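Peer 1: Mind looking over this structure? Questions follow.
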Protein chains: 2
Amino acid sequence: MRDNPQTWFDESLEILTYNRNQRVWSILVTIFGDLARRPGDQISGALLSRLTDPMGIKPEAMRVALHRLRNDGWLHSQRQGRTSRYSLTPHGLTESDAVSPRIYADSAPNIDTSWHLLLAEPAPAAQRSEMDKIWRAKGYVVAAPGTYLGRGAAPKDHAPFLVMSGTPAHVPAWLCAKIGTPDLDAAYKALEAALDHALPKIHAAAHISALEAAILRAVIVHNWRRALLAHPDLPRSFFPGGWRGFACRDKVIAALDALPRPSITDLEDAARAR
Amino acid sequence: MRDNPQTWFDESLEILTYNRNQRVWSILVTIFGDLARRPGDQISGALLSRLTDPMGIKPEAMRVALHRLRNDGWLHSQRQGRTSRYSLTPHGLTESDAVSPRIYADSAPNIDTSWHLLLAEPAPAAQRSEMDKIWRAKGYVVAAPGTYLGRGAAPKDHAPFLVMSGTPAHVPAWLCAKIGTPDLDAAYKALEAALDHALPKIHAAAHISALEAAILRAVIVHNWRRALLAHPDLPRSFFPGGWRGFACRDKVIAALDALPRPSITDLEDAARAR
């Protein structure tokens, strides 16, 4: 009497894992960020396998990735009898918390918040590019070498900069093109196409299990996170015409609404039940 | 019973003409800007000689300068019988009016007015320096190549720029040093020293003739104008520590108050009376 839930799920997963070059450690970062971001949250090795196996991730690749994340101070592991339990370290929690509001926000930032522009003293190109890298990593727009545009109030360590507080009143086409690169444009378009294809299947599903929801959330959030965090958090005026990043957000949020986040307890129960 | 007015005047003039490298045409621009800036104002050749002769300007040098200013479209000359009468052209009037508020203002601009920063697309150095020259001439601070800071609202022709509207919240030492160059610092210190030396003599004068006032005003305003217009109109925070430009303004204004601007009619009468 009920339809076969494997059909819609397998199809959706196939559609949403269009990007085959993902790093396993990066997918684990997405999974922990989506499911286990409260202090004390733990995920068992068995559950991790149940989540990553359908994505085509081999057990050996997962072991290597877990090792790397432990070495990087991102994950902590705890042995309980035959099973290992993994949790985000305080560092991992902080890093996840830093990006989560942006990943899960249901709208883009407005232009009319306060901004600041930092202008460094003209310097040799080599020195500049080192500095540019640092400020880019802080989420600034490197509008030109040594010229950093950021949201909110200026940082305290501003002494070497000309600090201009205010609002970007006009963003020229050349800067939009610099921010919205062709690679990024393609990444958003690919994700949007996959969501357009998969969303009707998800909406039509008669029943969505905790594991199915967690897996599909992970692959969606992962593609979204990878595109999103490749550029600073900026309003629409900073992107070229025809930019799909904002439509993509609406569709990601719609998909996540259709796939409510399961509790770790429900997921562990399901992992054990197999 | 009265003191000899030549004494204080000759001494003051000697002190205030410390800068011997002035261009005659530039001094004439100062004189017309100070005395004859209303449409219709005319100065006779005879009066011009009476004003410039005490400064050590030779009749031949003045003829060359008047010729140049006519050719440049700055001055208009009109022959009336044996005398020539000179007046600012509409172009000369416009240019004089554009800088006069700044020259005669009794205080520097405040920091808390609105500002804008224009950032050009990164370009080859040669292209940049051409553009930098154009925006510097418009009164902008060229904070870095292709980066122009100006007061007030952004111009209409801003399409190629990232436009940041707001307030300079911090001006770093390197930018202050770039704006307040050693040459400029020396120019203000020289003028201030001359004024400190000459002002008591001017204040002590029992009588100041129209010609004396006009001549001393011209040499003071000329030195002031040359230093002032060599840098954009900026508040104190844009200059290095120990900057004398602001103290200099107070002293220039005090000197001009002590040497009220004579009318052209009184000056022409005095020139004829000799």
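Every chain in the structure tokens takes a letter, A first, then B, and so on in the order presented; its residues are numbered from 1, and the ligands are numbered from 1 following the presented order.
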At a cut-off of 7 Å, which residues of chain A touch chain B? Count only C-alpha atoms and give the answer as a list in words.

Peer 2: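 Output check: Glu121, Pro122, Ala144, Ala159, Pro160, Phe161, Leu162, Val163, Met164, Ser165, Gly166, Thr167, Pro168, Ala169, His170, Val171, Pro172 and Trp174 of chain A.
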
Peer 1: Just asking: which residues within range 58-250 of chain A are strand (DSSP E or B) according to DSSP, as a ChimeraX atom specification?

Peer 2: /A:75-80,83-88,115-119,141-144,147-151,162-170

Peer 1: Would you put the residues from that selection into a file with N, CA and C atoms, as a tab-separated table (two decimals), in the first residue's frame?

Peer 2:
chain	number	residue	atom	x	y	z
A	75	LEU	N	37.87	17.57	16.10
A	75	LEU	CA	37.04	16.51	16.71
A	75	LEU	C	37.76	15.88	17.90
A	76	HIS	N	36.94	15.42	18.82
A	76	HIS	CA	37.42	14.68	19.99
A	76	HIS	C	36.79	13.29	19.88
A	77	SER	N	37.54	12.23	20.22
A	77	SER	CA	36.93	10.90	20.20
A	77	SER	C	37.05	10.24	21.57
A	78	GLN	N	36.05	9.44	21.87
A	78	GLN	CA	35.97	8.80	23.18
A	78	GLN	C	35.57	7.35	22.92
A	79	ARG	N	36.34	6.41	23.47
A	79	ARG	CA	36.06	4.99	23.26
A	79	ARG	C	35.14	4.51	24.37
A	80	GLN	N	34.05	3.87	24.01
A	80	GLN	CA	33.13	3.26	24.99
A	80	GLN	C	32.91	1.83	24.58
A	83	THR	N	32.55	0.76	20.78
A	83	THR	CA	32.26	1.86	19.87
A	83	THR	C	33.03	3.13	20.25
A	84	SER	N	33.30	3.95	19.22
A	84	SER	CA	33.89	5.26	19.45
A	84	SER	C	32.80	6.31	19.30
A	85	ARG	N	32.90	7.36	20.13
A	85	ARG	CA	31.94	8.46	20.04
A	85	ARG	C	32.73	9.73	19.74
A	86	TYR	N	32.23	10.49	18.78
A	86	TYR	CA	32.94	11.68	18.32
A	86	TYR	C	32.14	12.94	18.66
A	87	SER	N	32.89	13.95	19.05
A	87	SER	CA	32.22	15.23	19.33
A	87	SER	C	33.13	16.37	18.86
A	88	LEU	N	32.53	17.51	18.60
A	88	LEU	CA	33.32	18.69	18.26
A	88	LEU	C	34.10	19.14	19.49
A	115	TRP	N	29.17	49.69	7.80
A	115	TRP	CA	30.32	49.06	7.15
A	115	TRP	C	31.56	49.86	7.49
A	116	HIS	N	32.70	49.28	7.17
A	116	HIS	CA	33.93	50.05	7.27
A	116	HIS	C	34.89	49.59	6.19
A	117	LEU	N	35.71	50.52	5.76
A	117	LEU	CA	36.73	50.22	4.77
A	117	LEU	C	38.08	50.53	5.39
A	118	LEU	N	39.00	49.59	5.26
A	118	LEU	CA	40.35	49.76	5.79
A	118	LEU	C	41.31	49.89	4.60
A	119	LEU	N	42.11	50.95	4.62
A	119	LEU	CA	43.09	51.14	3.56
A	119	LEU	C	44.49	51.10	4.15
A	141	VAL	N	35.97	41.88	2.09
A	141	VAL	CA	36.11	41.99	0.65
A	141	VAL	C	37.44	42.67	0.37
A	142	VAL	N	38.33	42.00	-0.35
A	142	VAL	CA	39.58	42.64	-0.75
A	142	VAL	C	39.27	43.37	-2.06
A	143	ALA	N	38.83	44.61	-1.93
A	143	ALA	CA	38.35	45.36	-3.09
A	143	ALA	C	39.50	45.69	-4.04
A	144	ALA	N	40.68	45.91	-3.45
A	144	ALA	CA	41.91	46.15	-4.20
A	144	ALA	C	43.02	45.73	-3.25
A	147	THR	N	43.10	47.02	0.41
A	147	THR	CA	41.84	47.75	0.63
A	147	THR	C	40.76	46.74	1.03
A	148	TYR	N	40.32	46.83	2.29
A	148	TYR	CA	39.45	45.81	2.86
A	148	TYR	C	38.12	46.41	3.30
A	149	LEU	N	37.04	45.83	2.76
A	149	LEU	CA	35.71	46.31	3.08
A	149	LEU	C	35.02	45.27	3.96
A	150	GLY	N	34.54	45.70	5.11
A	150	GLY	CA	33.90	44.77	6.03
A	150	GLY	C	32.62	45.34	6.61
A	151	ARG	N	31.77	44.46	7.12
A	151	ARG	CA	30.51	44.90	7.72
A	151	ARG	C	30.71	45.22	9.19
A	162	LEU	N	43.86	53.68	7.14
A	162	LEU	CA	42.84	54.71	7.02
A	162	LEU	C	41.51	53.98	7.17
A	163	VAL	N	40.71	54.38	8.16
A	163	VAL	CA	39.43	53.71	8.42
A	163	VAL	C	38.31	54.62	7.97
A	164	MET	N	37.51	54.15	7.06
A	164	MET	CA	36.36	54.90	6.58
A	164	MET	C	35.11	54.16	7.05
A	165	SER	N	34.33	54.78	7.92
A	165	SER	CA	33.09	54.17	8.40
A	165	SER	C	31.94	54.68	7.57
A	166	GLY	N	31.02	53.79	7.20
A	166	GLY	CA	29.88	54.26	6.41
A	166	GLY	C	29.19	53.15	5.67
A	167	THR	N	28.78	53.47	4.46
A	167	THR	CA	27.97	52.55	3.66
A	167	THR	C	28.52	52.51	2.23
A	168	PRO	N	28.61	51.32	1.64
A	168	PRO	CA	28.97	51.28	0.23
A	168	PRO	C	27.78	51.79	-0.60
A	169	ALA	N	27.93	52.97	-1.18
A	169	ALA	CA	26.82	53.62	-1.89
A	169	ALA	C	26.72	53.14	-3.33
A	170	HIS	N	27.81	52.63	-3.85
A	170	HIS	CA	27.79	52.10	-5.22
A	170	HIS	C	28.86	51.03	-5.36

Peer 1: Considering only C-alpha atoms, return as a list of chain:residue names whatever protein or nucleic-acid residues lie within 6 Å of range 209-223 of chain B, sequence-local ones (same chain, fewer than 5 positions apart) excluded.

Peer 2: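 Once the nearby chain positions are removed, what remains is B:Thr30, B:Ile31, B:Leu51, B:Leu259, B:Pro262, B:Leu267.
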
Peer 1: Within 8 Å of range 179-185 of chain A, counting only C-alpha atoms, which residues qualify if same-chain residues fewer than 2 places away don't, as a PyMOL selection string?

Peer 2: chain A and resi 141+175-177+187-189+227+230-231+238-240+243-245

Peer 1: Pick out the closest residue to Leu48 in chain B from this set: B:Leu28, B:Glu60, B:Ile15, B:Met131. Count only C-alpha atoms.

Peer 2: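 Among the listed residues, B:Leu28 lies closest to Leu48 in chain B.
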
Peer 1: Leaving out Ala273 in chain A and any residue of its chain fewer than 5 positions from it, which residues lie within 12 Å of it when counting only C-alpha atoms, given as a PyMOL selection string?

Peer 2: chain A and resi 46-47+50+211+266-268

Peer 1: Filtering to N, CA and C atoms, could you give me those residues as a PDB file, in the first residue's frame?

Peer 2:
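Here's the written file again_24.pdb:
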ATOM      1  N   ALA A  46      29.396   4.200  14.421  1.00  0.00           N
ATOM      2  CA  ALA A  46      28.401   3.425  13.669  1.00  0.00           C
ATOM      3  C   ALA A  46      27.433   4.349  12.937  1.00  0.00           C
ATOM      4  N   LEU A  47      26.975   5.377  13.611  1.00  0.00           N
ATOM      5  CA  LEU A  47      26.055   6.319  12.957  1.00  0.00           C
ATOM      6  C   LEU A  47      26.757   7.065  11.819  1.00  0.00           C
ATOM      7  N   ARG A  50      26.675   4.949   8.866  1.00  0.00           N
ATOM      8  CA  ARG A  50      25.336   4.877   8.281  1.00  0.00           C
ATOM      9  C   ARG A  50      24.993   6.150   7.494  1.00  0.00           C
ATOM     10  N   LEU A 211      17.335   8.938   9.361  1.00  0.00           N
ATOM     11  CA  LEU A 211      18.591   8.777   8.612  1.00  0.00           C
ATOM     12  C   LEU A 211      18.502   9.441   7.243  1.00  0.00           C
ATOM     13  N   ASP A 266      17.366   9.805  18.029  1.00  0.00           N
ATOM     14  CA  ASP A 266      16.612   9.077  16.990  1.00  0.00           C
ATOM     15  C   ASP A 266      17.556   8.463  15.964  1.00  0.00           C
ATOM     16  N   LEU A 267      18.600   9.182  15.612  1.00  0.00           N
ATOM     17  CA  LEU A 267      19.549   8.687  14.606  1.00  0.00           C
ATOM     18  C   LEU A 267      20.330   7.488  15.140  1.00  0.00           C
ATOM     19  N   GLU A 268      20.762   7.582  16.382  1.00  0.00           N
ATOM     20  CA  GLU A 268      21.516   6.463  16.970  1.00  0.00           C
ATOM     21  C   GLU A 268      20.612   5.234  17.077  1.00  0.00           C
TER      22      GLU A 268
END

Peer 1: Rounded to one decimal place, report the CA of Arg70 in chain B-CA of Glu95 in chain B distance in Å.

Peer 2: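 Atom-to-atom, CA of Arg70 in chain B to CA of Glu95 in chain B, that is 14.5 Å.
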
Peer 1: Just the number, please: distance in Å from CA of Leu66 in chain A to CA of Leu13 in chain A, one decimal.

Peer 2: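 Atom-to-atom, CA of Leu66 in chain A to CA of Leu13 in chain A, that is 22.9 Å.
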
Peer 1: In Å, with one decimal, what is the gap from CA of Pro101 in chain A to CA of Leu199 in chain A?

Peer 2: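 Going from CA of Pro101 in chain A over to CA of Leu199 in chain A, I get 23.1 Å.
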
Peer 1: Considering only C-alpha atoms, return as a list in words whatever protein or nucleic-acid residues lie within 7 Å of range 21-24 of chain B, sequence-local ones (same chain, fewer than 6 positions apart) excluded.

Peer 2: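 So, after excluding close chain neighbours, the residues are Ala61, Met62 and Ala65 of chain B.
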
Peer 1: Would you mind telling me which residue in B:Leu69, B:Met55, B:Ile43, B:Ile134 lies nearest to Ser12 in chain B when using only C-alpha atoms?

Peer 2: B:Met55

Peer 1: Please report, as a ChimeraX atom specification, each residue of range 43-171 of chain B to which DSSP assigns alpha helix (DSSP H) when run on this structure's backbone.

Peer 2: /B:45-52,59-71,90-104,125-137

Peer 1: For the residues in the current selection, export N, CA and C atoms as a compact mmCIF listing (two decimals), in the first residue's frame.

Peer 2:
# COMPACT_ATOMS: atom_id res chain seq x y z
N GLY B 45 46.36 99.99 -14.50
CA GLY B 45 47.78 99.64 -14.58
C GLY B 45 48.60 100.46 -13.60
N ALA B 46 48.21 101.74 -13.40
CA ALA B 46 48.95 102.61 -12.49
C ALA B 46 48.87 102.08 -11.05
N LEU B 47 47.68 101.64 -10.66
CA LEU B 47 47.52 101.12 -9.29
C LEU B 47 48.30 99.81 -9.12
N LEU B 48 48.23 98.94 -10.17
CA LEU B 48 48.99 97.69 -10.09
C LEU B 48 50.47 97.96 -9.87
N SER B 49 50.99 99.00 -10.55
CA SER B 49 52.41 99.33 -10.36
C SER B 49 52.67 99.80 -8.93
N ARG B 50 51.75 100.61 -8.40
CA ARG B 50 51.92 101.12 -7.03
C ARG B 50 51.88 99.99 -6.01
N LEU B 51 51.13 98.90 -6.34
CA LEU B 51 51.03 97.78 -5.40
C LEU B 51 52.24 96.85 -5.51
N THR B 52 52.75 96.65 -6.73
CA THR B 52 53.80 95.64 -6.92
C THR B 52 55.21 96.21 -6.83
N PRO B 59 58.71 96.64 -13.63
CA PRO B 59 57.62 96.91 -14.60
C PRO B 59 57.60 95.90 -15.76
N GLU B 60 58.78 95.52 -16.24
CA GLU B 60 58.85 94.59 -17.36
C GLU B 60 58.29 93.22 -16.95
N ALA B 61 58.62 92.74 -15.74
CA ALA B 61 58.11 91.46 -15.24
C ALA B 61 56.60 91.51 -15.12
N MET B 62 56.07 92.68 -14.70
CA MET B 62 54.63 92.80 -14.57
C MET B 62 53.95 92.77 -15.94
N ARG B 63 54.55 93.44 -16.93
CA ARG B 63 53.97 93.42 -18.27
C ARG B 63 53.89 91.99 -18.80
N VAL B 64 54.96 91.21 -18.60
CA VAL B 64 54.98 89.80 -19.05
C VAL B 64 53.87 89.00 -18.35
N ALA B 65 53.74 89.24 -17.04
CA ALA B 65 52.75 88.50 -16.26
C ALA B 65 51.32 88.86 -16.70
N LEU B 66 51.09 90.16 -16.94
CA LEU B 66 49.76 90.58 -17.39
C LEU B 66 49.43 89.97 -18.75
N HIS B 67 50.43 89.90 -19.59
CA HIS B 67 50.26 89.30 -20.91
C HIS B 67 49.87 87.83 -20.77
N ARG B 68 50.58 87.14 -19.90
CA ARG B 68 50.30 85.72 -19.69
C ARG B 68 48.87 85.50 -19.17
N LEU B 69 48.47 86.32 -18.21
CA LEU B 69 47.14 86.15 -17.61
C LEU B 69 46.03 86.47 -18.61
N ARG B 70 46.30 87.42 -19.50
CA ARG B 70 45.32 87.70 -20.56
C ARG B 70 45.23 86.50 -21.50
N ASN B 71 46.40 85.96 -21.89
CA ASN B 71 46.43 84.80 -22.78
C ASN B 71 45.74 83.58 -22.17
N PRO B 90 35.20 86.22 -16.66
CA PRO B 90 34.25 85.32 -15.97
C PRO B 90 34.97 84.05 -15.47
N HIS B 91 35.90 83.54 -16.30
CA HIS B 91 36.67 82.36 -15.87
C HIS B 91 37.51 82.68 -14.63
N GLY B 92 38.20 83.82 -14.67
CA GLY B 92 39.03 84.22 -13.53
C GLY B 92 38.19 84.44 -12.27
N LEU B 93 37.00 85.03 -12.47
CA LEU B 93 36.10 85.26 -11.33
C LEU B 93 35.67 83.93 -10.72
N THR B 94 35.31 82.98 -11.60
CA THR B 94 34.85 81.67 -11.13
C THR B 94 35.95 80.97 -10.34
N GLU B 95 37.16 81.00 -10.90
CA GLU B 95 38.27 80.33 -10.24
C GLU B 95 38.60 80.99 -8.90
N SER B 96 38.55 82.31 -8.88
CA SER B 96 38.82 83.02 -7.62
C SER B 96 37.75 82.72 -6.58
N ASP B 97 36.50 82.72 -7.02
CA ASP B 97 35.40 82.45 -6.10
C ASP B 97 35.50 81.04 -5.52
N ALA B 98 36.04 80.11 -6.35
CA ALA B 98 36.10 78.72 -5.92
C ALA B 98 37.04 78.54 -4.74
N VAL B 99 38.12 79.32 -4.71
CA VAL B 99 39.10 79.13 -3.63
C VAL B 99 38.97 80.13 -2.49
N SER B 100 38.27 81.24 -2.75
CA SER B 100 38.21 82.29 -1.72
C SER B 100 37.62 81.84 -0.39
N PRO B 101 36.53 81.09 -0.39
CA PRO B 101 35.98 80.68 0.91
C PRO B 101 37.03 79.97 1.75
N ARG B 102 37.83 79.16 1.09
CA ARG B 102 38.84 78.41 1.81
C ARG B 102 39.95 79.33 2.33
N ILE B 103 40.37 80.29 1.48
CA ILE B 103 41.47 81.18 1.87
C ILE B 103 41.07 82.07 3.04
N TYR B 104 39.83 82.57 3.00
CA TYR B 104 39.43 83.56 3.99
C TYR B 104 38.62 82.98 5.15
N ALA B 125 50.15 51.05 -13.40
CA ALA B 125 50.62 52.24 -12.69
C ALA B 125 50.50 53.51 -13.54
N ALA B 126 50.83 53.42 -14.83
CA ALA B 126 50.83 54.61 -15.69
C ALA B 126 49.42 55.19 -15.80
N GLN B 127 48.46 54.30 -16.00
CA GLN B 127 47.05 54.69 -16.12
C GLN B 127 46.57 55.33 -14.81
N ARG B 128 46.98 54.70 -13.73
CA ARG B 128 46.62 55.15 -12.39
C ARG B 128 47.08 56.57 -12.12
N SER B 129 48.38 56.83 -12.43
CA SER B 129 48.94 58.10 -11.99
C SER B 129 48.29 59.25 -12.76
N GLU B 130 47.83 58.96 -13.99
CA GLU B 130 47.11 59.95 -14.77
C GLU B 130 45.79 60.29 -14.07
N MET B 131 45.10 59.25 -13.65
CA MET B 131 43.82 59.38 -12.96
C MET B 131 44.01 60.06 -11.59
N ASP B 132 45.06 59.67 -10.89
CA ASP B 132 45.36 60.27 -9.58
C ASP B 132 45.51 61.78 -9.72
N LYS B 133 46.18 62.21 -10.80
CA LYS B 133 46.42 63.63 -11.02
C LYS B 133 45.09 64.38 -11.17
N ILE B 134 44.18 63.78 -11.94
CA ILE B 134 42.89 64.41 -12.19
C ILE B 134 42.11 64.57 -10.89
N TRP B 135 42.08 63.54 -10.06
CA TRP B 135 41.28 63.61 -8.83
C TRP B 135 41.95 64.48 -7.78
N ARG B 136 43.28 64.51 -7.78
CA ARG B 136 43.99 65.40 -6.87
C ARG B 136 43.63 66.84 -7.20
N ALA B 137 43.58 67.15 -8.49
CA ALA B 137 43.24 68.50 -8.92
C ALA B 137 41.82 68.88 -8.52
